[in-house]
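What follows is a short report on a single structure.
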Amino acid sequence: IMMAYTFFGKYIPGMFGHRGFAFDRLIEQMFLTTNGIFGGSVGIASSYVLMFVIFGEFLNSTGGGDFFFDISRAVAGSTRGGLAKTAVVASALFGSISGSPISNVATTGAFTIPMMKKSGYPAYFAGAVETAASCGGTIMPPVMGAVAFLMAEIVGVTYLQVLVAAIIPALLYYGAVYFAVDSQAIKRQLKGDKKENLPPVFKTLISGIQYLFPLIWLVVRLFMGLSPSRAALESILCMLIIALITRNPKYPISLKCIMDALVSSINSLAPVALACASAGLVIGVITLTGIGGKFTSLVMALGQGSHFLALFLTMIVTIILGMGMSISPTYLLAASLCAPGLINVGLSPMAAHLFIVYYSAMATMTPPVALAAYTAAGIAEADPMKVGFEAVKIGIVAFIIPYVFVFRPELILEGDNYLHIALSVIFTTIGVVALTTGVNNWLFRENKRWEQFALLLSSVMLFIPYYPVNIAGAVVLLYIAIEQLRSLKKSSIQSLDETNSANPQNYSVAEN
């Protein structure tokens, strides 16, 4: 479509038309400038993305993937609905490193989805939990895949500043996913696995502690100011040295093992590189025709009346772009189209770009084209659309929280008033609880219709950046919680009375 626009845009009336370009001018733009196919997007894929894909493959081939799964199972496996919570923790850990929701689903989902199904979760829900947890890996520090480095490069800030801005919204997201899983476990009366069937936490940590050293080295070297490529390369070498020293018999390190990991890396990178090249082509057309500036003007025109409309348009564009591409090229395209307009209408560069990163990640689980959900559905043997819609329901916070941190920049730690930061975090956390319980229709029991509506209304009140309204929203949530606890107590007393009336000899004991 963008190629066609180069030739036929001169026939379009109004602001989106242009004067027209010859074919040789298009070829020159695409191949002989840095705003074409061999531009920044392919450059990033061949440096940052490549090294982190190799890092993820080596970590997996030396047993790191199994270690993260085992430690997650040891920590969360005995809790209510523990296997689903294991999937959440494992996918957060692995997804932050890989930066690819689809490969995250394929890697951790191969273990977690069948185990969730065996423990009693429906197939579609097991796939949805894995999808929601995997998509959040990209927004979860300390690594955030390659997109954090892209954002730092484009915004002109340090990698550490990106991580600091992302940490609170990411914790709110995973808290909401964990809460949604817990609600389903209560509904279905699912218990955790017996402790004797789970690996001990301390022993598991000690047995796989070597896998933490490359990650620690990676983060430390990045904080020291080294380039991402250099830090990732050093971490890969660190991992190989540790693997040669420890000699895990389950994952023998050899020349063939190294070659296989490199081949897998290239196979994983090829689709990303092609997508980045295609993104470069689109960026080239945007630069050549000037449509980017026109789109920015449109966002600014909408934003003059309402920042919300400008943000909503950006969200729609990003999700549509992300339907068929991985996160990095989606972010690059959406940032080139929409970020200047958002900044010009008054948003901070950090908030504008982090807003786009969120929807670049969530596009992979948003129907009708949800590549991560399709991957999970294949493993779970479930309907892809059902998996996608359930994943959106579980991860609904990720679609709301970017708007919240735009209007409440304290959530991304912008500002120096610590009291405002603390109050914003507290009220937003309570709002996340209200939203999650309203959407999943469960607080302490299944919500009545009016309770569900009140919970959703309470979440909106808690997200609005005005403290008196926040307090009113918290009161609404507290009232519903007290009512539900009171009704549960009343029903348990009635149940006890019925039991005692059937067994009179137990009445005096029960009465006491």
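Labels used: A, B, ... for chains in the order of the structure tokens, numbers from 1 for residues in each chain, and numbers from 1 for ligands as shown.
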
Leaving out A:Met115 and any residue of its chain fewer than 5 positions from it, which residues lie within 9 Å of it when counting only C-alpha atoms, given as a count of residues only?
4

I'd like the neighbourhood of A:Glu451 as a list of chain:residue names, where a residue qualifies if any of its atoms comes within 8 Å (using only C-alpha atoms), though same-chain residues fewer than 3 positions away should be ignored.
A:Gly438, A:Asn447, A:Lys448, A:Ala454, A:Leu455, A:Ile480

Let's have the selection written as a PDB file, in the first residue's frame, with N, CA, C and O atoms.
```pdb
ATOM      1  N   GLY A 438     -13.537  -6.553  38.457  1.00  0.00           N
ATOM      2  CA  GLY A 438     -14.742  -6.252  37.684  1.00  0.00           C
ATOM      3  C   GLY A 438     -14.783  -7.000  36.367  1.00  0.00           C
ATOM      4  O   GLY A 438     -15.801  -7.598  36.004  1.00  0.00           O
ATOM      5  N   ASN A 447     -19.372 -11.781  41.398  1.00  0.00           N
ATOM      6  CA  ASN A 447     -20.042 -10.492  41.556  1.00  0.00           C
ATOM      7  C   ASN A 447     -21.473 -10.538  41.038  1.00  0.00           C
ATOM      8  O   ASN A 447     -21.757 -11.201  40.035  1.00  0.00           O
ATOM      9  N   LYS A 448     -22.334  -9.825  41.728  1.00  0.00           N
ATOM     10  CA  LYS A 448     -23.657  -9.570  41.162  1.00  0.00           C
ATOM     11  C   LYS A 448     -23.506  -8.521  40.056  1.00  0.00           C
ATOM     12  O   LYS A 448     -22.483  -7.851  39.968  1.00  0.00           O
ATOM     13  N   ALA A 454     -20.321  -1.483  39.555  1.00  0.00           N
ATOM     14  CA  ALA A 454     -19.738  -0.582  40.557  1.00  0.00           C
ATOM     15  C   ALA A 454     -18.219  -0.728  40.618  1.00  0.00           C
ATOM     16  O   ALA A 454     -17.487   0.265  40.790  1.00  0.00           O
ATOM     17  N   LEU A 455     -17.714  -1.957  40.477  1.00  0.00           N
ATOM     18  CA  LEU A 455     -16.269  -2.174  40.489  1.00  0.00           C
ATOM     19  C   LEU A 455     -15.594  -1.502  39.293  1.00  0.00           C
ATOM     20  O   LEU A 455     -14.531  -0.881  39.434  1.00  0.00           O
ATOM     21  N   ILE A 480     -18.090  -2.671  48.545  1.00  0.00           N
ATOM     22  CA  ILE A 480     -18.408  -3.943  47.880  1.00  0.00           C
ATOM     23  C   ILE A 480     -17.667  -5.094  48.554  1.00  0.00           C
ATOM     24  O   ILE A 480     -18.220  -6.182  48.752  1.00  0.00           O
TER      25      ILE A 480
END
```

Which residues of stretch 179-251 of chain A sit at most 9 Å from stretch 135-143 of chain A, using only C-alpha atoms? Give each one's shortest atom pair and distance in Å (one decimal place), in chain and ascending residue order, as a tab-separated table.
```
residue	atom	partner	partner_atom	distance
A:Leu215	CA	A:Val143	CA	8.9
A:Leu218	CA	A:Val143	CA	8.7
A:Val219	CA	A:Pro142	CA	7.1
```

Could you pull out all residues of stretch 16-233 of chain A with a DSSP call of helix (DSSP H, G or I) and give them as a ChimeraX atom specification?
/A:23-31,40-61,64-76,82-98,101-119,123-139,147-155,159-187,195-197,201-207,209-223,228-233

One decimal, Å: what's the distance from atom CA of A:Ile209 over to atom CA of A:Ala106, could you say?
24.2 Å

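Residue neighbourhood of A:Ala391, excluding near-sequence residues (fewer than 5 positions): Ala128, Val129, Thr131, Ala132 and Met365 of chain A, at 7 Å, using only C-alpha atoms.
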
For stretch 56-63 of chain A, work out the shell of residues within 7 Å, counting only C-alpha atoms and skipping chain neighbours fewer than 6 positions away, then give it as a PyMOL selection string.
chain A and resi 97-98+243+251+261+265

Since we have the selection now, will you write its residues out, keeping N, CA and C atoms, as a PDB file, in the first residue's frame?
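Just written: out.pdb:
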```pdb
ATOM      1  N   ILE A  97      13.915 -11.427  28.787  1.00  0.00           N
ATOM      2  CA  ILE A  97      15.189 -11.671  28.104  1.00  0.00           C
ATOM      3  C   ILE A  97      14.989 -11.789  26.602  1.00  0.00           C
ATOM      4  N   SER A  98      14.001 -12.585  26.194  1.00  0.00           N
ATOM      5  CA  SER A  98      13.835 -12.860  24.762  1.00  0.00           C
ATOM      6  C   SER A  98      13.249 -11.665  24.023  1.00  0.00           C
ATOM      7  N   ALA A 243      29.197 -22.751  31.334  1.00  0.00           N
ATOM      8  CA  ALA A 243      28.717 -24.058  30.868  1.00  0.00           C
ATOM      9  C   ALA A 243      29.865 -25.044  30.724  1.00  0.00           C
ATOM     10  N   TYR A 251      22.778 -31.010  29.543  1.00  0.00           N
ATOM     11  CA  TYR A 251      22.998 -30.046  28.456  1.00  0.00           C
ATOM     12  C   TYR A 251      24.487 -29.991  28.152  1.00  0.00           C
ATOM     13  N   ALA A 261      22.810 -23.622  18.285  1.00  0.00           N
ATOM     14  CA  ALA A 261      22.269 -22.408  18.900  1.00  0.00           C
ATOM     15  C   ALA A 261      22.374 -21.222  17.943  1.00  0.00           C
ATOM     16  N   SER A 265      19.373 -19.145  16.228  1.00  0.00           N
ATOM     17  CA  SER A 265      19.332 -17.691  16.357  1.00  0.00           C
ATOM     18  C   SER A 265      19.022 -17.029  15.016  1.00  0.00           C
TER      19      SER A 265
END
```

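Non-sequential neighbours of A:Ile320 (distance at most 9 Å, separation of 5 or more positions within a chain, only C-alpha atoms) are Met315, Ala363 and Val369 of chain A.
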
Report as a tab-separated table: every residue of stretch 353-466 of chain A with an atom at most 12 Å from stretch 171-174 of chain A, its closest pair of atoms, and their distance in Å to one decimal, counting only C-alpha atoms, with rows sorted by chain and ascending residue number.
```
residue	atom	partner	partner_atom	distance
A:Tyr358	CA	A:Tyr173	CA	10.8
A:Met362	CA	A:Tyr173	CA	11.6
A:Ile394	CA	A:Tyr173	CA	9.8
A:Gly395	CA	A:Tyr173	CA	7.2
A:Ile396	CA	A:Tyr173	CA	8.6
A:Val397	CA	A:Tyr173	CA	5.9
A:Ala398	CA	A:Tyr173	CA	6.1
A:Phe399	CA	A:Tyr173	CA	9.7
A:Ile400	CA	A:Tyr173	CA	9.9
A:Ile401	CA	A:Tyr173	CA	8.1
A:Pro402	CA	A:Tyr173	CA	10.6
A:Val404	CA	A:Leu172	CA	11.6
A:Phe405	CA	A:Leu172	CA	11.5
A:Leu411	CA	A:Leu172	CA	10.2
A:Ile412	CA	A:Leu171	CA	11.7
A:Val425	CA	A:Leu172	CA	9.3
A:Ile426	CA	A:Leu172	CA	10.7
A:Phe427	CA	A:Leu172	CA	11.6
A:Thr428	CA	A:Leu172	CA	8.5
A:Thr429	CA	A:Leu172	CA	6.7
A:Ile430	CA	A:Leu172	CA	10.0
A:Gly431	CA	A:Leu172	CA	10.1
A:Val432	CA	A:Leu172	CA	7.2
A:Val433	CA	A:Leu172	CA	9.4
A:Leu435	CA	A:Tyr173	CA	11.5
A:Thr436	CA	A:Tyr173	CA	10.2
```

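Note that atom CA of A:Ala270 and atom CA of A:Ile154 are 23.3 Å apart.
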
Non-local contacts of A:Ser227 (12 Å; only C-alpha atoms; under 2 positions in same chain excluded) as a PDB file with N, CA, C and O atoms, in the first residue's frame:
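Result file is part-v8.pdb:
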```
ATOM      1  N   SER A  47      22.297  -5.496  14.878  1.00  0.00           N
ATOM      2  CA  SER A  47      23.200  -5.274  16.014  1.00  0.00           C
ATOM      3  C   SER A  47      22.518  -5.656  17.324  1.00  0.00           C
ATOM      4  O   SER A  47      22.781  -6.722  17.888  1.00  0.00           O
ATOM      5  N   TYR A  48      21.595  -4.820  17.810  1.00  0.00           N
ATOM      6  CA  TYR A  48      20.974  -5.073  19.106  1.00  0.00           C
ATOM      7  C   TYR A  48      20.171  -6.367  19.111  1.00  0.00           C
ATOM      8  O   TYR A  48      20.364  -7.247  19.951  1.00  0.00           O
ATOM      9  N   MET A  51      22.144  -9.804  18.733  1.00  0.00           N
ATOM     10  CA  MET A  51      22.905 -10.252  19.898  1.00  0.00           C
ATOM     11  C   MET A  51      21.992 -10.777  21.001  1.00  0.00           C
ATOM     12  O   MET A  51      22.326 -11.750  21.687  1.00  0.00           O
ATOM     13  N   PHE A 149      16.234  -0.824  24.238  1.00  0.00           N
ATOM     14  CA  PHE A 149      17.410  -0.166  23.664  1.00  0.00           C
ATOM     15  C   PHE A 149      16.998   0.728  22.489  1.00  0.00           C
ATOM     16  O   PHE A 149      17.545   1.804  22.303  1.00  0.00           O
ATOM     17  N   LEU A 150      16.024   0.261  21.714  1.00  0.00           N
ATOM     18  CA  LEU A 150      15.520   1.092  20.617  1.00  0.00           C
ATOM     19  C   LEU A 150      14.934   2.387  21.171  1.00  0.00           C
ATOM     20  O   LEU A 150      15.190   3.477  20.660  1.00  0.00           O
ATOM     21  N   ALA A 152      15.501   3.844  24.062  1.00  0.00           N
ATOM     22  CA  ALA A 152      16.543   4.710  24.628  1.00  0.00           C
ATOM     23  C   ALA A 152      17.282   5.470  23.525  1.00  0.00           C
ATOM     24  O   ALA A 152      17.573   6.666  23.663  1.00  0.00           O
ATOM     25  N   GLU A 153      17.544   4.764  22.422  1.00  0.00           N
ATOM     26  CA  GLU A 153      18.258   5.377  21.301  1.00  0.00           C
ATOM     27  C   GLU A 153      17.437   6.493  20.668  1.00  0.00           C
ATOM     28  O   GLU A 153      17.948   7.574  20.366  1.00  0.00           O
ATOM     29  N   THR A 158      19.147   7.344  28.677  1.00  0.00           N
ATOM     30  CA  THR A 158      19.923   6.142  28.984  1.00  0.00           C
ATOM     31  C   THR A 158      18.994   4.949  29.137  1.00  0.00           C
ATOM     32  O   THR A 158      17.799   5.096  29.407  1.00  0.00           O
ATOM     33  N   TYR A 159      19.588   3.777  29.000  1.00  0.00           N
ATOM     34  CA  TYR A 159      18.835   2.529  29.183  1.00  0.00           C
ATOM     35  C   TYR A 159      18.262   2.448  30.596  1.00  0.00           C
ATOM     36  O   TYR A 159      17.135   1.999  30.803  1.00  0.00           O
ATOM     37  N   LEU A 218      25.087  -8.929  32.394  1.00  0.00           N
ATOM     38  CA  LEU A 218      24.448  -8.139  31.334  1.00  0.00           C
ATOM     39  C   LEU A 218      23.930  -6.817  31.889  1.00  0.00           C
ATOM     40  O   LEU A 218      24.208  -5.741  31.338  1.00  0.00           O
ATOM     41  N   VAL A 219      23.164  -6.887  32.971  1.00  0.00           N
ATOM     42  CA  VAL A 219      22.558  -5.676  33.536  1.00  0.00           C
ATOM     43  C   VAL A 219      23.626  -4.727  34.068  1.00  0.00           C
ATOM     44  O   VAL A 219      23.574  -3.512  33.835  1.00  0.00           O
ATOM     45  N   VAL A 220      24.639  -5.280  34.775  1.00  0.00           N
ATOM     46  CA  VAL A 220      25.704  -4.439  35.333  1.00  0.00           C
ATOM     47  C   VAL A 220      26.458  -3.714  34.234  1.00  0.00           C
ATOM     48  O   VAL A 220      26.719  -2.499  34.319  1.00  0.00           O
ATOM     49  N   ARG A 221      26.812  -4.429  33.177  1.00  0.00           N
ATOM     50  CA  ARG A 221      27.584  -3.811  32.085  1.00  0.00           C
ATOM     51  C   ARG A 221      26.767  -2.760  31.329  1.00  0.00           C
ATOM     52  O   ARG A 221      27.309  -1.754  30.876  1.00  0.00           O
ATOM     53  N   LEU A 222      25.458  -3.003  31.221  1.00  0.00           N
ATOM     54  CA  LEU A 222      24.597  -1.988  30.601  1.00  0.00           C
ATOM     55  C   LEU A 222      24.544  -0.729  31.456  1.00  0.00           C
ATOM     56  O   LEU A 222      24.591   0.396  30.940  1.00  0.00           O
ATOM     57  N   PHE A 223      24.446  -0.919  32.776  1.00  0.00           N
ATOM     58  CA  PHE A 223      24.417   0.235  33.674  1.00  0.00           C
ATOM     59  C   PHE A 223      25.755   0.982  33.685  1.00  0.00           C
ATOM     60  O   PHE A 223      25.809   2.166  33.986  1.00  0.00           O
ATOM     61  N   MET A 224      26.833   0.261  33.348  1.00  0.00           N
ATOM     62  CA  MET A 224      28.146   0.904  33.278  1.00  0.00           C
ATOM     63  C   MET A 224      28.301   1.746  32.017  1.00  0.00           C
ATOM     64  O   MET A 224      29.302   2.453  31.865  1.00  0.00           O
ATOM     65  N   GLY A 225      27.337   1.632  31.089  1.00  0.00           N
ATOM     66  CA  GLY A 225      27.361   2.473  29.897  1.00  0.00           C
ATOM     67  C   GLY A 225      27.852   1.799  28.643  1.00  0.00           C
ATOM     68  O   GLY A 225      28.010   2.453  27.607  1.00  0.00           O
ATOM     69  N   SER A 229      25.130  -4.265  22.366  1.00  0.00           N
ATOM     70  CA  SER A 229      25.766  -5.359  21.626  1.00  0.00           C
ATOM     71  C   SER A 229      26.976  -5.898  22.386  1.00  0.00           C
ATOM     72  O   SER A 229      27.166  -7.117  22.507  1.00  0.00           O
ATOM     73  N   ARG A 230      27.792  -4.979  22.921  1.00  0.00           N
ATOM     74  CA  ARG A 230      28.978  -5.391  23.669  1.00  0.00           C
ATOM     75  C   ARG A 230      28.576  -6.132  24.945  1.00  0.00           C
ATOM     76  O   ARG A 230      29.142  -7.185  25.280  1.00  0.00           O
ATOM     77  N   ALA A 231      27.593  -5.598  25.661  1.00  0.00           N
ATOM     78  CA  ALA A 231      27.152  -6.231  26.910  1.00  0.00           C
ATOM     79  C   ALA A 231      26.581  -7.622  26.645  1.00  0.00           C
ATOM     80  O   ALA A 231      26.856  -8.571  27.388  1.00  0.00           O
ATOM     81  N   ALA A 232      25.790  -7.749  25.576  1.00  0.00           N
ATOM     82  CA  ALA A 232      25.209  -9.058  25.246  1.00  0.00           C
ATOM     83  C   ALA A 232      26.284 -10.053  24.837  1.00  0.00           C
ATOM     84  O   ALA A 232      26.241 -11.227  25.227  1.00  0.00           O
ATOM     85  N   LEU A 233      27.277  -9.598  24.053  1.00  0.00           N
ATOM     86  CA  LEU A 233      28.364 -10.484  23.624  1.00  0.00           C
ATOM     87  C   LEU A 233      29.156 -10.986  24.833  1.00  0.00           C
ATOM     88  O   LEU A 233      29.472 -12.176  24.933  1.00  0.00           O
ATOM     89  N   GLU A 234      29.471 -10.093  25.761  1.00  0.00           N
ATOM     90  CA  GLU A 234      30.203 -10.500  26.958  1.00  0.00           C
ATOM     91  C   GLU A 234      29.388 -11.502  27.779  1.00  0.00           C
ATOM     92  O   GLU A 234      29.936 -12.459  28.330  1.00  0.00           O
TER      93      GLU A 234
END
```
